[in-house]
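Engineer: Got a structure for you, written out below as structure tokens; questions coming shortly.
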Amino acid sequence: MLDRPAASAAQALLPALQLGPITVDTPVVLAPMAGITNTAFRRLCREYGGGLYVNEMVTARALVERRPESLRIIKHEPDEVPRSVQLYSVDPVTTGHAVRMLVEEDRCDHIDLNFGCPVPKVTRKGGGAALPWKIRLFESIVATTVREASKANIPVTVKMRRGVDEDHLTYVEAGRVARDAGVAAVALHGRTARQHYSGTADWDSIKRLRDSLPDIPVLGNGDIWSAEDALDMVERTGVDGVVVGRGCQGRPWLFGDLQAAFEGRDERYRPDLPMVISTLLRHAEMLIPYFDGDERKAMQDIRKHVAWYFKGYPIGGSLRSQLVTVETMAQLQDLLGELDQSIGYPGEPAEGPRGRAGSAKKVHLPQDWLASQELNAQQREMIQAAEVDTSGG
């Protein structure tokens, strides 16, 4: 259900986002989320609104080794244009090999580098949100990526957090280093690694980065749960666009709301239960070809989305429990067929934060990682070894 208020004069709030040769008419980016932003979900979001849709994070080493799951992650359907790949690496040499592969095999149109992941299996090896602290290593990875990608005129962007914790903030220095290395844009999640997804994103930091980098686009990420939040972030920080992660979980139509908002229109999706059901079914159907026809895998994947789709809708605990154990498409259709089709949009209960916020956590780091911004000999050896066995996001 699309809510269409009385027509008013529409005026675009922001110009299109320009990333090298790529023009993103709606300055909105889907944040890569492990296990979420696969081809099926990206294509579903695209059906509602414009933007840049980035795949799940893939490791440089896994690409170089041509691991089947990593090749699946970077696969795009013909209607996915531009093709956007997020790459994770801790070693410049491996990064170079991976980007060269992407370029020579024509596997993407845009590369985003992940320096924002806060999960222990990444940070304990010096990767993700931990890596910008080692500023020369950061510079080397970014510069190598830009050099190799530029051979095919592929723009490179960087996504990062404020720093490891409040005592080890890196975002301004890292932003300037990335700009000087030739990136097309920088995105900042307004939290530290220690915060994970807890608390409130610091939009003042996003504004500070925007003010520090007047010559390239800066994108803001964190606590965008609605189109109104996106408009508020732009007004408060001056960013050139927004990056949306958890806010679109179970709500792919958010990208329709965002496009309308940035085009100066008031239309918003207010989905009744039949719309939610049809969208969930379409999502499940699209997952089957993604998993090469393995219906059981597709159903296992859709289970995690059920609570997000039905947030705020009175469908009953028993049915919810059955939905998160579905094994077949027919079973999913039968269960959804039991729902009351007359249930309308529930309003505020369906909006707001979704996904697990959790609490602040200790950041797992390599030994003596914060003692210096330069790598010591032991850390240099560790980085080279880490690239060999790090996989996933």
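By order in the structure tokens, chains are A, B, ...; within a chain, residues start at 1; ligands start at 1, following the order shown.
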List every residue of stretch 78-229 of chain A that DSSP, applied to the backbone of this structure, assigns to strand (DSSP E), and report them as number ranges by chain.
Structural biologist: A: 84-88, 110-115, 156-161, 185-189, 218-221
Engineer: For A:Arg246, list every protein, DNA or RNA residue within 9 Å, evaluated using only C-alpha atoms, and leave out those in the same chain fewer than 5 positions away; present the list as a list in words.
Structural biologist: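 Final neighbour list, sorted by chain and number: Ala31, Met33, Gly222, Asp223, Ile224, Trp225, Pro353, Arg354, Gly355 and Arg356 of chain A.
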Engineer: Report as a VMD selection string all protein, DNA and RNA residues lying within 8 Å of A:Ile302, evaluated on only C-alpha atoms, omitting residues in the same chain fewer than 2 positions from it.
Structural biologist: chain A and resid 283 to 284 287 298 to 300 304 to 306
Engineer: Pick out the residues sitting within 12 Å of A:Lys151, and hand them over as a PyMOL selection string; count only C-alpha atoms, and ignore anything fewer than 4 positions along from it in its own chain.
Structural biologist: chain A and resi 99-104+106+109+144-147+155-156
Engineer: Counting only C-alpha atoms, figure out which residue out of A:Asp204, A:Gly20, A:Gly163, A:Pro252 gets nearest to A:Tyr53.
Structural biologist: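 Comparing A:Asp204, A:Gly20, A:Gly163, A:Pro252 against A:Tyr53, the winner is A:Pro252.
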Engineer: Using atom CA of A:Ser342 and atom CA of A:Arg43 as the two end points, give the distance in Å to one decimal.
Structural biologist: 28.1 Å
Engineer: Out of A:Phe41, A:Pro32, A:Lys75, A:Phe255, which residue has the shortest atom-to-atom distance to A:Tyr88 when counting only C-alpha atoms?
Structural biologist: A:Pro32
Engineer: Please report, as a Markdown table, each residue of stretch 329-383 of chain A lying at most 8 Å from stretch 263-273 of chain A, together with the nearest pair of atoms and the separation in Å rounded to one decimal; use only C-alpha atoms, and order rows by chain and ascending residue number.
Structural biologist:
```
| residue | atom | partner | partner_atom | distance |
| --- | --- | --- | --- | --- |
| A:Asp340 | CA | A:Leu273 | CA | 7.9 |
| A:Gln341 | CA | A:Leu273 | CA | 6.2 |
| A:Ser342 | CA | A:Leu273 | CA | 7.4 |
| A:Ile343 | CA | A:Leu273 | CA | 5.5 |
| A:Gly344 | CA | A:Asp272 | CA | 4.1 |
| A:Tyr345 | CA | A:Asp272 | CA | 4.3 |
| A:Pro346 | CA | A:Asp272 | CA | 7.8 |
| A:Gly347 | CA | A:Arg270 | CA | 7.8 |
```
Engineer: Show which residues sit within 12 Å of A:Asp79, as an mmCIF file with C-alpha atoms, in the first residue's frame. Count only C-alpha atoms, and ignore same-chain residues fewer than 4 positions away.
Structural biologist:
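Once written, out.cif looks like this:
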```cif
data_model
loop_
_atom_site.group_PDB
_atom_site.id
_atom_site.type_symbol
_atom_site.label_atom_id
_atom_site.label_comp_id
_atom_site.auth_asym_id
_atom_site.auth_seq_id
_atom_site.Cartn_x
_atom_site.Cartn_y
_atom_site.Cartn_z
ATOM 1 C CA THR A 39 21.358 -11.332 -5.223
ATOM 2 C CA ALA A 40 17.758 -12.097 -4.279
ATOM 3 C CA ARG A 42 19.366 -6.803 -3.755
ATOM 4 C CA ARG A 43 17.073 -7.355 -6.721
ATOM 5 C CA LEU A 44 14.003 -7.148 -4.502
ATOM 6 C CA ARG A 46 15.856 -2.502 -6.616
ATOM 7 C CA GLU A 47 12.240 -3.146 -7.579
ATOM 8 C CA TYR A 53 23.193 -2.091 -4.224
ATOM 9 C CA LYS A 75 27.715 -13.063 -9.006
ATOM 10 C CA ARG A 83 27.541 -4.375 -10.256
#
```
Engineer: Measure the distance from atom CA of A:Ala377 to atom CA of A:Asp180 in Å and round it to one decimal.
Structural biologist: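 According to the coordinates, atom CA of A:Ala377 and atom CA of A:Asp180 are separated by 26.7 Å.
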Engineer: In Å, with one decimal, what is the gap from atom CA of A:Ala261 to atom CA of A:Val239?
Structural biologist: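 Spanning atom CA of A:Ala261 to atom CA of A:Val239 is a straight-line distance of 15.1 Å.
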Engineer: Compare A:Pro217, A:Gly316, A:Pro120, A:Gly126 by their minimum atom-to-atom distance to A:His364, counting only C-alpha atoms, and give me the closest one.
Structural biologist: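 Counting only C-alpha atoms, the residue closest to A:His364 is A:Pro120.
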Engineer: Smallest atom-to-atom distance to A:Cys248: which of A:Glu295, A:Glu69, A:Glu351, A:Asp112, using only C-alpha atoms?
Structural biologist: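 Looking only at the distances to A:Cys248, the closest residue turns out to be A:Glu351.
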Engineer: Counting only C-alpha atoms, which of A:Glu173, A:Asp211, A:Glu77, A:Glu338 gets nearest to A:Leu319?
Structural biologist: A:Glu338
Engineer: Counting only C-alpha atoms, what is within 8 Å of A:Gln195, bar same-chain residues fewer than 5 positions away, as a list in words?
Structural biologist: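 The neighbour list is Asp165, Ser359, Ala360 and Lys361 of chain A.
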Engineer: Can you list, as an MDAnalysis selection string, every residue of stretch 157-323 of chain A that DSSP puts in alpha helix (DSSP H)?
Structural biologist: chainID A and resid 171:181 203:212 227:237 254:262 273:290 295:309 317:323
Engineer: Calculated over only C-alpha atoms, which of the candidates A:Leu19, A:Cys45, A:Leu63, A:Ile206 has the smallest distance to A:Gly190?
Structural biologist: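 Ranked by minimum distance to A:Gly190, first place goes to A:Ile206.
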